[in-house]
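> Submitted below is the structure of interest, expressed as structure tokens.
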Amino acid sequence: MNQLSLPQTAQYDPEDAKQLVRSAIRAHRKERTETARITAGEHIAEHVLTFVAGAHCVACYVSVNHEPPTRELCTQIADTGIQLLLPKLGPSLTRSWGYFRGDADLETMAPGRPPEPSGPAFDNSILADIDAMIIPALAVNAQGERLGQGGGWYDRALKEIGEQTKVAAIVYEEEFVDDALPQDEMDVRIPFVITPSGIFSTAAA
């Protein structure tokens, strides 16, 4: 893998800056081989299982495209006896949550969308009592600033969790950066980062 180099964005407004950085990271992710992705996912899964150990209910996600793979991780979490919530489409195409009922239950409902569980859809209020939340990111820095895929859905969801909920974002090694990341008033800082090499706390912890 080539080293990740983020563009200079000081002269841009936050949304344009985010798009520039997203494009750079997405292009870099495409360079990673499938073998490297799988290996990274295996290491990340070990750390996630440590992070959620002892939890009763956890929210996670099913990866798509070039994200660190998490589909097998979902089964591993559930196999420990933890209740697992995953994103799914709800009424009127709202983004909601559903309970994981095993890998065979996951279904891709539309091209480009992550596979999702069947069963009832719940709004973000169901997150109030979860013990941990594992979310995707394109990059996170040591201050806890997170760059997501866009849309702000996770930032809104994070405003619904309880004080007891531990939150970690999954990124590849080089995406846990020192650089400032473009942010706006909606962005929620992330206390923990999980990479293939371990679990790291940020200034937001």
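Ligands are numbered from 1 in the order shown, chains are lettered A, B, ... in the order of the structure tokens, and residues start at 1 in each chain.
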List every residue of segment 20-120 of chain A that has an atom at most 10 Å from any atom of segment 186-200 of chain A, giving for each one its closest atom pair and the distance in Å to one decimal, counting only C-alpha atoms, sorted by chain and then by ascending residue number, as JSON lines.


```
{"residue": "A:Thr39", "atom": "CA", "partner": "A:Pro196", "partner_atom": "CA", "distance": 8.4}
{"residue": "A:Ala40", "atom": "CA", "partner": "A:Pro196", "partner_atom": "CA", "distance": 5.3}
{"residue": "A:Gly41", "atom": "CA", "partner": "A:Pro196", "partner_atom": "CA", "distance": 7.1}
{"residue": "A:Glu42", "atom": "CA", "partner": "A:Pro196", "partner_atom": "CA", "distance": 7.8}
{"residue": "A:His43", "atom": "CA", "partner": "A:Pro196", "partner_atom": "CA", "distance": 4.8}
{"residue": "A:Ile44", "atom": "CA", "partner": "A:Pro196", "partner_atom": "CA", "distance": 4.6}
{"residue": "A:Ala45", "atom": "CA", "partner": "A:Pro196", "partner_atom": "CA", "distance": 8.3}
{"residue": "A:Glu46", "atom": "CA", "partner": "A:Pro196", "partner_atom": "CA", "distance": 8.7}
{"residue": "A:His47", "atom": "CA", "partner": "A:Gly198", "partner_atom": "CA", "distance": 6.0}
{"residue": "A:Val48", "atom": "CA", "partner": "A:Ile194", "partner_atom": "CA", "distance": 7.2}
{"residue": "A:Thr50", "atom": "CA", "partner": "A:Ile199", "partner_atom": "CA", "distance": 9.0}
{"residue": "A:Phe51", "atom": "CA", "partner": "A:Ile199", "partner_atom": "CA", "distance": 7.8}
{"residue": "A:Pro68", "atom": "CA", "partner": "A:Thr195", "partner_atom": "CA", "distance": 9.2}
```

> Save out the residues we just selected, N, CA, C and O atoms, as a CSV table (one decimal), in the first residue's frame.


```csv
chain,number,residue,atom,x,y,z
A,39,THR,N,-7.4,-9.8,5.8
A,39,THR,CA,-6.5,-9.9,7.0
A,39,THR,C,-6.7,-8.7,8.0
A,39,THR,O,-6.8,-9.0,9.2
A,40,ALA,N,-6.9,-7.5,7.4
A,40,ALA,CA,-7.2,-6.4,8.3
A,40,ALA,C,-8.5,-6.6,9.1
A,40,ALA,O,-8.6,-6.4,10.3
A,41,GLY,N,-9.5,-7.2,8.4
A,41,GLY,CA,-10.8,-7.4,9.0
A,41,GLY,C,-10.7,-8.5,10.2
A,41,GLY,O,-11.3,-8.3,11.2
A,42,GLU,N,-9.8,-9.5,10.0
A,42,GLU,CA,-9.6,-10.5,11.0
A,42,GLU,C,-9.0,-9.9,12.3
A,42,GLU,O,-9.4,-10.2,13.4
A,43,HIS,N,-8.0,-9.0,12.1
A,43,HIS,CA,-7.4,-8.4,13.2
A,43,HIS,C,-8.3,-7.4,13.9
A,43,HIS,O,-8.4,-7.4,15.1
A,44,ILE,N,-9.1,-6.6,13.1
A,44,ILE,CA,-10.1,-5.7,13.7
A,44,ILE,C,-11.1,-6.5,14.5
A,44,ILE,O,-11.5,-6.0,15.6
A,45,ALA,N,-11.6,-7.6,14.0
A,45,ALA,CA,-12.6,-8.4,14.7
A,45,ALA,C,-12.1,-8.8,16.1
A,45,ALA,O,-12.9,-8.7,17.0
A,46,GLU,N,-10.9,-9.2,16.2
A,46,GLU,CA,-10.3,-9.6,17.5
A,46,GLU,C,-10.5,-8.4,18.5
A,46,GLU,O,-10.9,-8.6,19.6
A,47,HIS,N,-10.1,-7.2,18.0
A,47,HIS,CA,-10.2,-6.0,18.9
A,47,HIS,C,-11.6,-5.6,19.2
A,47,HIS,O,-11.9,-5.2,20.3
A,48,VAL,N,-12.5,-5.7,18.2
A,48,VAL,CA,-13.9,-5.4,18.5
A,48,VAL,C,-14.5,-6.3,19.5
A,48,VAL,O,-15.2,-5.9,20.4
A,50,THR,N,-13.0,-7.8,21.9
A,50,THR,CA,-12.5,-7.3,23.2
A,50,THR,C,-13.2,-6.1,23.7
A,50,THR,O,-13.6,-6.0,24.9
A,51,PHE,N,-13.5,-5.2,22.8
A,51,PHE,CA,-14.1,-3.9,23.1
A,51,PHE,C,-15.6,-4.1,23.6
A,51,PHE,O,-16.0,-3.4,24.5
A,68,PRO,N,-13.2,-1.8,5.8
A,68,PRO,CA,-12.8,-3.0,6.5
A,68,PRO,C,-13.9,-4.0,6.7
A,68,PRO,O,-15.0,-3.6,7.2
```

> Can you list, as a ChimeraX atom specification, every protein, DNA or RNA residue that comes within 9 Å of segment 2-14 of chain A when you count only C-alpha atoms, leaving out same-chain residues fewer than 4 positions away?

/A:18-21,24-25,28,31,174-175,179,181-184

> Write out as an MDAnalysis selection string each polymer residue whose atoms come within 8 Å of Ile135 of chain A, counting only C-alpha atoms; drop sequence neighbours fewer than 4 positions from it.

chainID A and resid 60:61 154 167:170

> Ranking A:Pro120, A:Gly54, A:Pro136, A:Pro111 by minimum distance to Pro69 of chain A and counting only C-alpha atoms, which one comes first?

A:Pro136

> With only C-alpha atoms as the atoms that count, which of A:Ile126, A:Val52, A:Val140, A:Met133 lies nearest to Ala204 of chain A?

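The shortest atom-to-atom distance to Ala204 of chain A comes from A:Val140.
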
> Please return, as a ChimeraX atom specification, all residues of segment 95-125 of chain A that DSSP assigns to strand (DSSP E) on the basis of the backbone.

/A:95-99

> Can you pull out the residues contacting Glu160 of chain A? Cut-off 6 Å, using only C-alpha atoms, and skip same-chain residues under 2 positions away; I want them as a list in words.

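Near neighbours after the sequence-gap exclusion: Ala128, Ala157 and Leu158 of chain A.
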
> Write the residues of the preceding selection, restricted to N, CA and C atoms, as a short mmCIF file (atom, residue, chain, number, x, y, z; two decimals), in the first residue's frame.


```cif
data_model
loop_
_atom_site.label_atom_id
_atom_site.label_comp_id
_atom_site.auth_asym_id
_atom_site.auth_seq_id
_atom_site.Cartn_x
_atom_site.Cartn_y
_atom_site.Cartn_z
N ALA A 128 -30.74 4.10 23.06
CA ALA A 128 -30.56 4.70 24.39
C ALA A 128 -29.98 3.73 25.40
N ALA A 157 -27.52 9.58 14.92
CA ALA A 157 -27.73 8.40 15.78
C ALA A 157 -26.93 8.53 17.08
N LEU A 158 -25.72 9.06 16.99
CA LEU A 158 -24.86 9.18 18.18
C LEU A 158 -25.44 10.13 19.22
#
```

> Please identify all polymer residues within 12 Å of Ala55 of chain A, counting only C-alpha atoms, omitting same-chain residues fewer than 6 positions from it, and present them as a list in words.

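Selected residues are Val48, Leu49, Ile77, Ala78, Thr80, Gly81, Ile82, Gln83, Leu84, Asp129, Ile130, Asp131, Ala132, Met133, Gln164, Thr165 and Lys166 of chain A.
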
> Could those residues be written to a file, using N, CA, C and O atoms, as a CSV table (one decimal), in the first residue's frame?


```
chain,number,residue,atom,x,y,z
A,48,VAL,N,-12.5,-5.7,18.2
A,48,VAL,CA,-13.9,-5.4,18.5
A,48,VAL,C,-14.5,-6.3,19.5
A,48,VAL,O,-15.2,-5.9,20.4
A,49,LEU,N,-14.2,-7.6,19.4
A,49,LEU,CA,-14.7,-8.6,20.4
A,49,LEU,C,-14.2,-8.2,21.8
A,49,LEU,O,-14.9,-8.4,22.8
A,77,ILE,N,-19.9,-11.5,17.0
A,77,ILE,CA,-20.5,-10.8,18.2
A,77,ILE,C,-21.7,-11.6,18.7
A,77,ILE,O,-21.9,-11.8,19.9
A,78,ALA,N,-22.6,-11.9,17.8
A,78,ALA,CA,-23.8,-12.6,18.2
A,78,ALA,C,-23.6,-14.0,18.8
A,78,ALA,O,-24.3,-14.4,19.7
A,80,THR,N,-21.4,-14.7,20.8
A,80,THR,CA,-21.0,-14.5,22.2
A,80,THR,C,-22.2,-14.3,23.1
A,80,THR,O,-22.1,-14.2,24.3
A,81,GLY,N,-23.4,-14.3,22.5
A,81,GLY,CA,-24.6,-14.1,23.3
A,81,GLY,C,-25.1,-12.6,23.3
A,81,GLY,O,-26.1,-12.3,24.0
A,82,ILE,N,-24.4,-11.7,22.6
A,82,ILE,CA,-24.8,-10.3,22.6
A,82,ILE,C,-25.9,-10.1,21.6
A,82,ILE,O,-25.9,-10.6,20.5
A,83,GLN,N,-26.9,-9.3,22.0
A,83,GLN,CA,-27.9,-8.8,21.0
A,83,GLN,C,-27.3,-7.8,20.1
A,83,GLN,O,-26.5,-6.9,20.6
A,84,LEU,N,-27.5,-7.9,18.8
A,84,LEU,CA,-26.8,-7.1,17.9
A,84,LEU,C,-27.8,-6.3,17.0
A,84,LEU,O,-28.7,-6.9,16.4
A,129,ASP,N,-30.2,2.4,25.2
A,129,ASP,CA,-29.8,1.5,26.2
A,129,ASP,C,-28.7,0.5,25.8
A,129,ASP,O,-28.4,-0.4,26.5
A,130,ILE,N,-28.2,0.8,24.6
A,130,ILE,CA,-27.1,-0.2,24.2
A,130,ILE,C,-25.8,0.1,24.9
A,130,ILE,O,-25.6,1.2,25.5
A,131,ASP,N,-25.0,-0.9,25.0
A,131,ASP,CA,-23.7,-0.9,25.8
A,131,ASP,C,-22.6,-0.4,24.9
A,131,ASP,O,-21.6,0.2,25.4
A,132,ALA,N,-22.6,-0.6,23.6
A,132,ALA,CA,-21.5,-0.2,22.7
A,132,ALA,C,-22.0,0.0,21.3
A,132,ALA,O,-23.0,-0.6,20.9
A,133,MET,N,-21.3,0.8,20.6
A,133,MET,CA,-21.7,1.1,19.2
A,133,MET,C,-20.4,1.1,18.4
A,133,MET,O,-19.5,1.8,18.7
A,164,GLN,N,-23.8,5.5,29.1
A,164,GLN,CA,-23.0,4.3,29.3
A,164,GLN,C,-22.5,3.7,28.0
A,164,GLN,O,-21.7,2.8,28.1
A,165,THR,N,-22.9,4.2,26.9
A,165,THR,CA,-22.5,3.6,25.6
A,165,THR,C,-21.1,3.9,25.2
A,165,THR,O,-20.7,5.1,25.0
A,166,LYS,N,-20.3,2.9,25.0
A,166,LYS,CA,-18.9,3.1,24.5
A,166,LYS,C,-19.0,3.1,22.9
A,166,LYS,O,-19.7,2.3,22.3
```

> Could you please write out, as a ChimeraX atom specification, every residue of segment 32-144 of chain A that DSSP assigns to helix (DSSP H, G or I)?

/A:34-52,71-79,91-93,103-105,124-129

> Please report as CSV every residue of segment 10-94 of chain A lying within 9 Å of segment 103-107 of chain A, along with the nearest atom pair and their distance in Å (one decimal), using only C-alpha atoms.


```
residue,atom,partner,partner_atom,distance
A:Arg71,CA,A:Asp103,CA,7.9
A:Glu72,CA,A:Asp103,CA,8.1
A:Cys74,CA,A:Asp103,CA,8.0
A:Thr75,CA,A:Asp103,CA,6.6
```

> Please produce a file of the residues just selected, as a PDB file, in the first residue's frame, where the atoms kept are N, CA, C and O atoms.


```
ATOM      1  N   ARG A  71     -18.777  -8.285   8.095  1.00  0.00           N
ATOM      2  CA  ARG A  71     -19.923  -9.208   8.041  1.00  0.00           C
ATOM      3  C   ARG A  71     -19.713 -10.412   8.950  1.00  0.00           C
ATOM      4  O   ARG A  71     -20.581 -10.780   9.734  1.00  0.00           O
ATOM      5  N   GLU A  72     -18.546 -11.029   8.851  1.00  0.00           N
ATOM      6  CA  GLU A  72     -18.262 -12.173   9.722  1.00  0.00           C
ATOM      7  C   GLU A  72     -18.194 -11.740  11.184  1.00  0.00           C
ATOM      8  O   GLU A  72     -18.595 -12.480  12.093  1.00  0.00           O
ATOM      9  N   CYS A  74     -20.061  -9.628  12.637  1.00  0.00           N
ATOM     10  CA  CYS A  74     -21.425  -9.582  13.180  1.00  0.00           C
ATOM     11  C   CYS A  74     -21.821 -10.946  13.746  1.00  0.00           C
ATOM     12  O   CYS A  74     -22.393 -11.037  14.836  1.00  0.00           O
ATOM     13  N   THR A  75     -21.512 -12.002  13.021  1.00  0.00           N
ATOM     14  CA  THR A  75     -21.806 -13.347  13.512  1.00  0.00           C
ATOM     15  C   THR A  75     -21.001 -13.652  14.763  1.00  0.00           C
ATOM     16  O   THR A  75     -21.517 -14.238  15.727  1.00  0.00           O
TER      17      THR A  75
END
```

> Suppose you want the space between atom CA of Arg113 of chain A and atom CA of Ala27 of chain A; what is it in Å?

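One can read the atom CA of Arg113 of chain A to atom CA of Ala27 of chain A distance as 19.4 Å.
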
> Here is a test: counting only C-alpha atoms, which residue of A:Glu173, A:Asp123, A:Glu67, A:Asp16 is nearest to Arg37 of chain A?

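Using only C-alpha atoms, Arg37 of chain A sits closest to A:Glu67.
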